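**Q** TSV, N, CA and C atoms and all ligand atoms, file entry-v3.tsv:
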chain	number	residue	atom	x	y	z
A	274	MET	N	-14.12	45.74	23.51
A	274	MET	CA	-15.06	44.63	23.36
A	274	MET	C	-14.45	43.32	23.92
A	275	MET	N	-13.18	43.04	23.54
A	275	MET	CA	-12.54	41.83	24.07
A	275	MET	C	-12.53	41.85	25.60
A	276	ARG	N	-12.24	43.03	26.11
A	276	ARG	CA	-12.19	43.17	27.57
A	276	ARG	C	-13.49	42.75	28.22
A	277	PHE	N	-14.58	43.16	27.56
A	277	PHE	CA	-15.90	42.84	28.07
A	277	PHE	C	-16.08	41.31	28.15
A	278	PHE	N	-15.68	40.64	27.07
A	278	PHE	CA	-15.83	39.18	27.06
A	278	PHE	C	-14.94	38.54	28.12
A	279	TYR	N	-13.74	39.10	28.28
A	279	TYR	CA	-12.85	38.59	29.31
A	279	TYR	C	-13.50	38.65	30.69
A	280	SER	N	-14.11	39.81	30.98
A	280	SER	CA	-14.64	39.93	32.33
A	280	SER	C	-15.83	39.00	32.51
A	281	ILE	N	-16.59	38.75	31.45
A	281	ILE	CA	-17.68	37.78	31.59
A	281	ILE	C	-17.10	36.40	31.83
A	282	ALA	N	-16.07	36.05	31.04
A	282	ALA	CA	-15.47	34.72	31.20
A	282	ALA	C	-14.94	34.55	32.62
A	283	ILE	N	-14.28	35.58	33.12
A	283	ILE	CA	-13.73	35.47	34.48
A	283	ILE	C	-14.84	35.31	35.51
A	284	SER	N	-15.94	36.07	35.34
A	284	SER	CA	-17.00	35.91	36.36
A	284	SER	C	-17.63	34.54	36.28
A	285	VAL	N	-17.76	33.98	35.07
A	285	VAL	CA	-18.34	32.64	34.97
A	285	VAL	C	-17.44	31.64	35.71
A	286	VAL	N	-16.12	31.77	35.49
A	286	VAL	CA	-15.20	30.86	36.17
A	286	VAL	C	-15.32	31.02	37.68
A	287	MET	N	-15.39	32.27	38.13
A	287	MET	CA	-15.47	32.49	39.57
A	287	MET	C	-16.75	31.93	40.16
A	288	ILE	N	-17.85	32.10	39.43
A	288	ILE	CA	-19.12	31.59	39.95
A	288	ILE	C	-19.06	30.06	40.04
A	289	SER	N	-18.50	29.42	38.99
A	289	SER	CA	-18.50	27.96	39.07
A	289	SER	C	-17.55	27.47	40.14
A	290	CYS	N	-16.45	28.17	40.39
A	290	CYS	CA	-15.55	27.76	41.47
A	290	CYS	C	-16.26	27.86	42.81
A	291	ASN	N	-16.97	28.96	42.99
A	291	ASN	CA	-17.68	29.13	44.26
A	291	ASN	C	-18.64	27.99	44.50
A	292	ASN	N	-19.37	27.63	43.44
A	292	ASN	CA	-20.34	26.56	43.60
A	292	ASN	C	-19.69	25.27	44.04
A	293	SER	N	-18.55	24.92	43.39
A	293	SER	CA	-18.01	23.61	43.73
A	293	SER	C	-17.39	23.63	45.12
A	294	SER	N	-16.81	24.76	45.52
A	294	SER	CA	-16.18	24.72	46.84
A	294	SER	C	-17.21	24.78	47.96
A	295	GLY	N	-18.41	25.24	47.66
A	295	GLY	CA	-19.42	25.31	48.71
A	295	GLY	C	-20.29	24.08	48.78
A	296	LYS	N	-19.92	23.06	48.00
A	296	LYS	CA	-20.82	21.92	47.86
A	296	LYS	C	-20.93	21.07	49.13
A	297	GLN	N	-19.99	21.17	50.03
A	297	GLN	CA	-20.05	20.33	51.22
A	297	GLN	C	-21.39	20.50	51.92
A	298	ALA	N	-22.42	19.93	51.35
A	298	ALA	CA	-23.78	20.00	51.88
A	298	ALA	C	-24.17	21.46	52.15
A	299	GLY	N	-23.61	22.36	51.37
A	299	GLY	CA	-24.01	23.75	51.47
A	299	GLY	C	-23.57	24.43	52.76
A	300	ASN	N	-22.61	23.84	53.46
A	300	ASN	CA	-22.23	24.41	54.74
A	300	ASN	C	-21.33	25.62	54.56
A	301	LYS	N	-21.45	26.54	55.49
A	301	LYS	CA	-20.55	27.69	55.50
A	301	LYS	C	-19.21	27.25	56.06
A	302	ILE	N	-18.14	27.79	55.49
A	302	ILE	CA	-16.82	27.42	55.98
A	302	ILE	C	-16.43	28.40	57.09
A	303	ASN	N	-16.03	27.84	58.22
A	303	ASN	CA	-15.61	28.67	59.34
A	303	ASN	C	-14.17	29.15	59.11
A	304	PRO	N	-13.99	30.46	58.91
A	304	PRO	CA	-12.65	30.97	58.56
A	304	PRO	C	-11.67	30.90	59.74
A	305	ASN	N	-12.18	30.62	60.95
A	305	ASN	CA	-11.27	30.56	62.11
A	305	ASN	C	-10.60	29.20	62.27
A	306	ILE	N	-11.02	28.26	61.45
A	306	ILE	CA	-10.40	26.93	61.53
A	306	ILE	C	-9.12	26.91	60.70
A	307	ASP	N	-8.06	26.34	61.28
A	307	ASP	CA	-6.79	26.24	60.56
A	307	ASP	C	-6.83	24.99	59.67
A	308	ALA	N	-7.48	25.13	58.52
A	308	ALA	CA	-7.72	23.98	57.65
A	308	ALA	C	-6.41	23.37	57.15
A	309	ALA	N	-5.46	24.23	56.77
A	309	ALA	CA	-4.19	23.71	56.26
A	309	ALA	C	-3.48	22.90	57.33
A	310	GLY	N	-3.53	23.39	58.57
A	310	GLY	CA	-2.89	22.70	59.69
A	310	GLY	C	-3.55	21.36	59.97
A	311	LEU	N	-4.88	21.35	60.00
A	311	LEU	CA	-5.60	20.09	60.25
A	311	LEU	C	-5.31	19.09	59.15
A	312	TYR	N	-5.34	19.59	57.92
A	312	TYR	CA	-5.07	18.72	56.78
A	312	TYR	C	-3.69	18.10	56.91
A	313	SER	N	-2.68	18.92	57.19
A	313	SER	CA	-1.35	18.31	57.20
A	313	SER	C	-1.15	17.42	58.41
A	314	MET	N	-1.83	17.72	59.52
A	314	MET	CA	-1.65	16.88	60.70
A	314	MET	C	-2.43	15.56	60.60
A	315	HIS	N	-3.65	15.62	60.07
A	315	HIS	CA	-4.53	14.43	60.15
A	315	HIS	C	-4.74	13.70	58.83
A	316	CYS	N	-4.53	14.34	57.71
A	316	CYS	CA	-4.94	13.73	56.44
A	316	CYS	C	-3.80	13.55	55.45
A	317	ALA	N	-2.81	14.45	55.49
A	317	ALA	CA	-1.83	14.50	54.40
A	317	ALA	C	-0.92	13.28	54.36
A	318	SER	N	-0.86	12.50	55.46
A	318	SER	CA	-0.02	11.31	55.38
A	318	SER	C	-0.60	10.32	54.37
A	319	CYS	N	-1.88	10.40	54.10
A	319	CYS	CA	-2.50	9.47	53.14
A	319	CYS	C	-3.15	10.15	51.94
A	320	HIS	N	-3.51	11.41	52.09
A	320	HIS	CA	-4.22	12.09	51.00
A	320	HIS	C	-3.44	13.28	50.47
A	321	LYS	N	-3.51	13.46	49.17
A	321	LYS	CA	-3.07	14.72	48.57
A	321	LYS	C	-4.34	15.40	48.09
A	322	CYS	N	-4.28	16.72	47.93
A	322	CYS	CA	-5.47	17.43	47.48
A	322	CYS	C	-5.80	17.07	46.04
A	323	ASP	N	-4.77	17.03	45.19
A	323	ASP	CA	-5.06	16.99	43.76
A	323	ASP	C	-4.75	15.67	43.07
A	324	ILE	N	-4.06	14.76	43.74
A	324	ILE	CA	-3.81	13.47	43.07
A	324	ILE	C	-4.07	12.32	44.04
A	325	ASP	N	-4.36	11.17	43.47
A	325	ASP	CA	-4.58	9.99	44.32
A	325	ASP	C	-3.25	9.56	44.91
A	326	PHE	N	-3.32	9.08	46.15
A	326	PHE	CA	-2.10	8.72	46.88
A	326	PHE	C	-2.43	7.42	47.61
A	327	THR	N	-2.17	7.30	48.90
A	327	THR	CA	-2.64	6.12	49.65
A	327	THR	C	-4.16	6.08	49.62
A	328	GLY	N	-4.76	7.24	49.69
A	328	GLY	CA	-6.21	7.38	49.51
A	328	GLY	C	-6.48	8.34	48.35
A	329	PRO	N	-7.76	8.48	47.97
A	329	PRO	CA	-8.09	9.34	46.82
A	329	PRO	C	-7.76	10.81	47.04
A	330	SER	N	-7.59	11.55	45.94
A	330	SER	CA	-7.40	13.00	46.07
A	330	SER	C	-8.61	13.58	46.80
A	331	LEU	N	-8.38	14.58	47.62
A	331	LEU	CA	-9.51	15.13	48.39
A	331	LEU	C	-10.27	16.22	47.62
A	332	LYS	N	-9.66	16.70	46.53
A	332	LYS	CA	-10.35	17.73	45.77
A	332	LYS	C	-11.64	17.17	45.19
A	333	GLY	N	-12.76	17.82	45.44
A	333	GLY	CA	-14.04	17.37	44.89
A	333	GLY	C	-14.58	16.10	45.52
A	334	ALA	N	-13.99	15.67	46.66
A	334	ALA	CA	-14.41	14.39	47.25
A	334	ALA	C	-15.90	14.37	47.59
A	335	ALA	N	-16.40	15.47	48.15
A	335	ALA	CA	-17.82	15.47	48.56
A	335	ALA	C	-18.73	15.27	47.35
A	336	ASP	N	-18.30	15.78	46.20
A	336	ASP	CA	-19.14	15.66	44.99
A	336	ASP	C	-19.22	14.22	44.49
A	337	ARG	N	-18.29	13.38	44.93
A	337	ARG	CA	-18.29	12.01	44.41
A	337	ARG	C	-19.27	11.11	45.16
A	338	TRP	N	-19.82	11.62	46.26
A	338	TRP	CA	-20.77	10.81	47.03
A	338	TRP	C	-22.19	11.18	46.62
A	339	LYS	N	-23.02	10.16	46.40
A	339	LYS	CA	-24.42	10.44	46.08
A	339	LYS	C	-25.05	11.15	47.26
A	340	ASP	N	-24.72	10.67	48.46
A	340	ASP	CA	-25.25	11.28	49.67
A	340	ASP	C	-24.07	11.78	50.51
A	341	PRO	N	-23.82	13.10	50.51
A	341	PRO	CA	-22.66	13.62	51.24
A	341	PRO	C	-22.70	13.27	52.74
A	342	GLU	N	-23.91	13.02	53.27
A	342	GLU	CA	-23.98	12.61	54.68
A	342	GLU	C	-23.16	11.35	54.93
A	343	LEU	N	-23.21	10.44	53.96
A	343	LEU	CA	-22.48	9.19	54.10
A	343	LEU	C	-20.98	9.44	54.12
A	344	MET	N	-20.55	10.50	53.44
A	344	MET	CA	-19.12	10.81	53.44
A	344	MET	C	-18.65	11.20	54.85
A	345	TYR	N	-19.45	12.04	55.52
A	345	TYR	CA	-19.06	12.41	56.89
A	345	TYR	C	-19.03	11.18	57.78
A	346	GLU	N	-20.04	10.32	57.59
A	346	GLU	CA	-20.11	9.11	58.41
A	346	GLU	C	-18.90	8.22	58.10
A	347	PHE	N	-18.54	8.15	56.82
A	347	PHE	CA	-17.39	7.35	56.41
A	347	PHE	C	-16.11	7.82	57.11
A	348	ILE	N	-15.92	9.14	57.17
A	348	ILE	CA	-14.69	9.68	57.77
A	348	ILE	C	-14.61	9.29	59.25
A	349	ARG	N	-15.78	9.24	59.91
A	349	ARG	CA	-15.78	8.85	61.33
A	349	ARG	C	-15.72	7.36	61.55
A	350	ASN	N	-16.35	6.64	60.61
A	350	ASN	CA	-16.45	5.20	60.81
A	350	ASN	C	-16.41	4.49	59.46
A	351	PRO	N	-15.21	4.43	58.86
A	351	PRO	CA	-15.10	3.90	57.50
A	351	PRO	C	-15.66	2.48	57.36
A	352	ILE	N	-15.38	1.62	58.33
A	352	ILE	CA	-15.78	0.22	58.15
A	352	ILE	C	-17.28	0.07	58.03
A	353	SER	N	-18.03	0.78	58.85
A	353	SER	CA	-19.49	0.60	58.79
A	353	SER	C	-20.04	1.09	57.45
A	354	VAL	N	-19.46	2.15	56.89
A	354	VAL	CA	-19.98	2.65	55.61
A	354	VAL	C	-19.53	1.74	54.46
A	355	ILE	N	-18.32	1.18	54.55
A	355	ILE	CA	-17.85	0.24	53.52
A	355	ILE	C	-18.79	-0.96	53.46
A	356	GLN	N	-19.34	-1.34	54.61
A	356	GLN	CA	-20.24	-2.50	54.63
A	356	GLN	C	-21.59	-2.21	54.00
A	357	LYS	N	-22.02	-0.93	54.01
A	357	LYS	CA	-23.39	-0.71	53.51
A	357	LYS	C	-23.46	0.12	52.23
A	358	ASP	N	-22.34	0.71	51.78
A	358	ASP	CA	-22.42	1.58	50.61
A	358	ASP	C	-21.48	1.06	49.52
A	359	SER	N	-22.01	0.91	48.30
A	359	SER	CA	-21.20	0.28	47.26
A	359	SER	C	-20.06	1.20	46.81
A	360	TYR	N	-20.27	2.52	46.83
A	360	TYR	CA	-19.18	3.43	46.44
A	360	TYR	C	-18.00	3.30	47.41
A	361	ALA	N	-18.31	3.30	48.71
A	361	ALA	CA	-17.25	3.17	49.72
A	361	ALA	C	-16.56	1.81	49.59
A	362	ALA	N	-17.34	0.78	49.30
A	362	ALA	CA	-16.77	-0.57	49.16
A	362	ALA	C	-15.80	-0.60	47.97
A	363	GLU	N	-16.18	0.08	46.88
A	363	GLU	CA	-15.29	0.11	45.73
A	363	GLU	C	-13.99	0.86	46.01
A	364	LEU	N	-14.12	1.96	46.74
A	364	LEU	CA	-12.91	2.70	47.10
A	364	LEU	C	-11.98	1.79	47.89
A	365	GLN	N	-12.55	1.08	48.84
A	365	GLN	CA	-11.73	0.24	49.69
A	365	GLN	C	-11.04	-0.86	48.87
A	366	LYS	N	-11.77	-1.41	47.89
A	366	LYS	CA	-11.18	-2.43	47.02
A	366	LYS	C	-10.02	-1.84	46.23
A	367	LYS	N	-10.24	-0.61	45.73
A	367	LYS	CA	-9.23	0.02	44.88
A	367	LYS	C	-7.98	0.39	45.68
A	368	TYR	N	-8.18	0.95	46.87
A	368	TYR	CA	-7.03	1.46	47.64
A	368	TYR	C	-6.44	0.43	48.59
A	369	LYS	N	-7.19	-0.65	48.81
A	369	LYS	CA	-6.70	-1.79	49.60
A	369	LYS	C	-6.23	-1.44	51.01
A	370	THR	N	-6.69	-0.32	51.51
A	370	THR	CA	-6.39	0.03	52.90
A	370	THR	C	-7.71	0.53	53.45
A	371	VAL	N	-7.92	0.38	54.73
A	371	VAL	CA	-9.10	1.03	55.30
A	371	VAL	C	-8.62	2.30	55.98
A	372	MET	N	-9.32	3.36	55.68
A	372	MET	CA	-8.94	4.65	56.27
A	372	MET	C	-9.05	4.57	57.79
A	373	ILE	N	-8.14	5.24	58.47
A	373	ILE	CA	-8.21	5.33	59.93
A	373	ILE	C	-9.34	6.29	60.29
A	374	PRO	N	-10.24	5.91	61.18
A	374	PRO	CA	-11.34	6.82	61.52
A	374	PRO	C	-10.80	8.15	62.03
A	375	SER	N	-11.46	9.22	61.66
A	375	SER	CA	-11.02	10.53	62.12
A	375	SER	C	-12.10	11.18	62.96
A	376	MET	N	-11.67	11.81	64.03
A	376	MET	CA	-12.61	12.42	64.94
A	376	MET	C	-12.80	13.92	64.67
A	377	LEU	N	-12.36	14.38	63.52
A	377	LEU	CA	-12.58	15.81	63.22
A	377	LEU	C	-14.08	16.09	63.21
A	378	SER	N	-14.44	17.30	63.62
A	378	SER	CA	-15.86	17.69	63.58
A	378	SER	C	-16.26	17.93	62.14
A	379	ARG	N	-17.55	18.00	61.94
A	379	ARG	CA	-18.08	18.25	60.61
A	379	ARG	C	-17.57	19.58	60.04
A	380	GLU	N	-17.53	20.56	60.92
A	380	GLU	CA	-17.04	21.88	60.52
A	380	GLU	C	-15.57	21.80	60.09
A	381	GLU	N	-14.81	21.01	60.83
A	381	GLU	CA	-13.38	20.85	60.49
A	381	GLU	C	-13.22	20.09	59.19
A	382	ILE	N	-14.04	19.06	58.99
A	382	ILE	CA	-13.97	18.31	57.72
A	382	ILE	C	-14.30	19.24	56.56
A	383	ASP	N	-15.36	20.04	56.72
A	383	ASP	CA	-15.73	20.99	55.66
A	383	ASP	C	-14.56	21.93	55.34
A	384	ALA	N	-13.89	22.40	56.39
A	384	ALA	CA	-12.79	23.34	56.18
A	384	ALA	C	-11.64	22.66	55.44
A	385	VAL	N	-11.33	21.42	55.81
A	385	VAL	CA	-10.24	20.70	55.15
A	385	VAL	C	-10.59	20.46	53.67
A	386	LEU	N	-11.83	20.03	53.40
A	386	LEU	CA	-12.20	19.75	52.01
A	386	LEU	C	-12.23	21.05	51.20
A	387	ASP	N	-12.68	22.10	51.83
A	387	ASP	CA	-12.71	23.40	51.14
A	387	ASP	C	-11.28	23.85	50.82
A	388	TYR	N	-10.39	23.64	51.79
A	388	TYR	CA	-8.98	23.97	51.57
A	388	TYR	C	-8.48	23.23	50.33
A	389	CYS	N	-8.77	21.93	50.26
A	389	CYS	CA	-8.29	21.15	49.11
A	389	CYS	C	-8.97	21.57	47.82
A	390	ASN	N	-10.25	21.89	47.88
A	390	ASN	CA	-10.94	22.30	46.65
A	390	ASN	C	-10.32	23.56	46.07
A	391	ASN	N	-9.69	24.33	46.93
A	391	ASN	CA	-9.12	25.60	46.45
A	391	ASN	C	-7.62	25.52	46.19
A	392	GLN	N	-7.07	24.32	46.23
A	392	GLN	CA	-5.64	24.16	45.94
A	392	GLN	C	-5.41	24.11	44.45
B	1	LIG	C1	-4.13	6.04	57.07
B	1	LIG	C2	-4.43	6.70	55.83
B	1	LIG	C3	-5.54	7.74	55.82
B	1	LIG	C4	-5.67	8.88	56.58
B	1	LIG	C5	-4.76	9.37	57.71
B	1	LIG	C6	-6.86	9.55	56.11
B	1	LIG	N1	-7.43	8.84	55.08
B	1	LIG	FE1	-9.12	9.34	54.04
B	1	LIG	N2	-8.97	7.62	52.97
B	1	LIG	C7	-7.95	6.70	53.04
B	1	LIG	C8	-8.19	5.61	52.11
B	1	LIG	C9	-7.27	4.40	51.89
B	1	LIG	C10	-9.41	5.90	51.47
B	1	LIG	C11	-10.14	5.06	50.42
B	1	LIG	C12	-11.26	4.26	51.07
B	1	LIG	C13	-10.75	3.14	51.93
B	1	LIG	O1	-10.00	2.29	51.43
B	1	LIG	O2	-11.05	3.14	53.14
B	1	LIG	C14	-9.88	7.19	52.02
B	1	LIG	C15	-11.03	7.84	51.62
B	1	LIG	C16	-11.40	9.11	52.02
B	1	LIG	C17	-12.52	9.87	51.48
B	1	LIG	C18	-13.43	9.44	50.34
B	1	LIG	C19	-12.77	9.96	49.06
B	1	LIG	C20	-13.57	9.85	47.80
B	1	LIG	O3	-12.95	9.81	46.73
B	1	LIG	O4	-14.79	9.83	47.86
B	1	LIG	C21	-12.54	11.07	52.13
B	1	LIG	C22	-13.52	12.20	51.90
B	1	LIG	C23	-11.45	11.05	53.08
B	1	LIG	N3	-10.78	9.84	52.99
B	1	LIG	C24	-11.16	12.10	53.91
B	1	LIG	C25	-10.13	12.11	54.84
B	1	LIG	C26	-9.85	13.22	55.71
B	1	LIG	C27	-10.65	14.53	55.74
B	1	LIG	C28	-8.78	12.86	56.46
B	1	LIG	C29	-8.12	13.66	57.57
B	1	LIG	C30	-8.99	14.04	58.66
B	1	LIG	C31	-8.38	11.50	56.07
B	1	LIG	N4	-9.22	11.09	55.07
B	1	LIG	C32	-7.32	10.77	56.62
B	1	LIG	C33	-6.85	6.78	53.88
B	1	LIG	C34	-6.65	7.74	54.86
Once more with this new file: its structure as structure tokens, please.

**A**
Amino acid sequence: MMRFFYSIAISVVMISCNNSSGKQAGNKINPNIDAAGLYSMHCASCHKCDIDFTGPSLKGAADRWKDPELMYEFIRNPISVIQKDSYAAELQKKYKTVMIPSMLSREEIDAVLDYCNNQ
């Protein structure tokens, strides 16, 4: 009987993990992208997956935006989004640095965020 409850508990955990990691606007993650490599080359100097650093932790980042589209736009052009979105403006006030624009594609951004969500 205990075993039965265990397996239910484990499936519930697995289902909720799947949901949160797929949240990047519901996009499929391309398994051919080297997410860990992109992350360490382009993002890790300022971001950690699980704790705030020069910039916020990347785990669950997409979930913190009311409109995930704005998050992608922010990554490409932080200044323009800081000027029009109050959440981005608050981040900038808190971290006191403006993120360097990144030219990663949307697919690459999804892969990097998914990598962090699963750390
Ligand atoms: C030079 C440092 C720097 C680099 C490199 C950098 N970021 Fe940032 N990032 C920041 C800072 C600082 C913020 C907080 C907002 C601000 O002040 O501009 C931020 C904010 C973010 C946010 C919003 C986080 C939240 O809590 O909503 C995301 C998403 C993000 N960065 C993704 C990335 C990704 C993906 C990369 C790599 C492609 C990257 N960043 C590279 C400094 C950086």

**Q** So which one's closest to ligand LIG 1 (chain B), A:Asp358, A:Asp307, A:Glu381, A:Glu342? Using all atoms listed in the file, please.

**A**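 Comparing A:Asp358, A:Asp307, A:Glu381, A:Glu342 against ligand LIG 1 (chain B), the winner is A:Glu381.
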
**Q** Smallest atom-to-atom distance to Gly328 (chain A): which of A:Lys357, A:Lys366, A:Arg349, A:Arg379, using only C-alpha atoms?

**A**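 Selected residue with least distance to Gly328 (chain A): A:Lys366.
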
**Q** In Å, how far is it from atom N of Ile306 (chain A) to atom N of Val385 (chain A)?

**A** 8.9 Å

**Q** Could you list as a PyMOL selection string every residue that has an atom within 7 Å of (-6.7, 23.1, 56.9), using the file's coordinates and counting only C-alpha atoms?

**A** chain A and resi 307-312+384-385+388

**Q** For each of A:Cys389, A:Val371, A:Ala361, A:Met344, take the minimum atom-to-atom distance to Asp323 (chain A), counting all atoms listed in the file, then give the residue where this is smallest.

**A**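 Residue with the minimum atom-to-atom distance to Asp323 (chain A): A:Cys389.
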
**Q** Between chain A and ligand LIG 1 (chain B), at 5 Å or less, what are the per-residue closest atom pairs and their distances in Å? Count all atoms listed in the file, order by chain and rising residue number, and return it as JSON lines.

**A**
{"residue": "A:His315", "atom": "C", "partner": "B:LIG1", "partner_atom": "C29", "distance": 3.6}
{"residue": "A:Cys316", "atom": "CA", "partner": "B:LIG1", "partner_atom": "C29", "distance": 3.4}
{"residue": "A:Cys319", "atom": "CA", "partner": "B:LIG1", "partner_atom": "C2", "distance": 4.3}
{"residue": "A:Thr327", "atom": "C", "partner": "B:LIG1", "partner_atom": "C9", "distance": 4.2}
{"residue": "A:Gly328", "atom": "CA", "partner": "B:LIG1", "partner_atom": "C8", "distance": 3.7}
{"residue": "A:Pro329", "atom": "N", "partner": "B:LIG1", "partner_atom": "C10", "distance": 4.7}
{"residue": "A:Ala334", "atom": "CA", "partner": "B:LIG1", "partner_atom": "O4", "distance": 4.6}
{"residue": "A:Leu364", "atom": "C", "partner": "B:LIG1", "partner_atom": "O1", "distance": 4.1}
{"residue": "A:Gln365", "atom": "CA", "partner": "B:LIG1", "partner_atom": "O1", "distance": 3.2}
{"residue": "A:Tyr368", "atom": "CA", "partner": "B:LIG1", "partner_atom": "O1", "distance": 4.9}
{"residue": "A:Lys369", "atom": "N", "partner": "B:LIG1", "partner_atom": "O1", "distance": 4.8}
{"residue": "A:Thr370", "atom": "C", "partner": "B:LIG1", "partner_atom": "O1", "distance": 3.5}
{"residue": "A:Val371", "atom": "CA", "partner": "B:LIG1", "partner_atom": "O2", "distance": 3.6}
{"residue": "A:Met372", "atom": "N", "partner": "B:LIG1", "partner_atom": "O2", "distance": 3.1}
{"residue": "A:Ile373", "atom": "N", "partner": "B:LIG1", "partner_atom": "C1", "distance": 4.3}

**Q** One decimal, in Å: what's the spacing between CA of Ile355 (chain A) and CA of Lys301 (chain A)?

**A**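 For CA of Ile355 (chain A) relative to CA of Lys301 (chain A), the distance reads 27.7 Å.
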
**Q** Could you check which of A:Ile348, A:Val354, A:Leu343, A:Tyr360 is closest to Leu377 (chain A), using all atoms listed in the file?

**A**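 Closest to Leu377 (chain A) of all the choices is A:Ile348.
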
**Q** Any idea what the distance is between atom C of Ser353 (chain A) and CA of Lys367 (chain A)?

**A**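 These atoms are spaced 16.6 Å apart.
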
**Q** From the list A:Ser375, A:Lys321, A:Trp338, A:Ser330, which residue is nearest Pro351 (chain A) when using only C-alpha atoms?

**A**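 Comparing A:Ser375, A:Lys321, A:Trp338, A:Ser330 against Pro351 (chain A), the winner is A:Ser375.
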
**Q** Select, from A:Ile324, A:Gly333, A:Tyr345, A:Ala362, the residue with the minimum atom-to-atom distance to Leu386 (chain A), counting only N, CA and C atoms.

**A**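 Closest candidate: A:Gly333.
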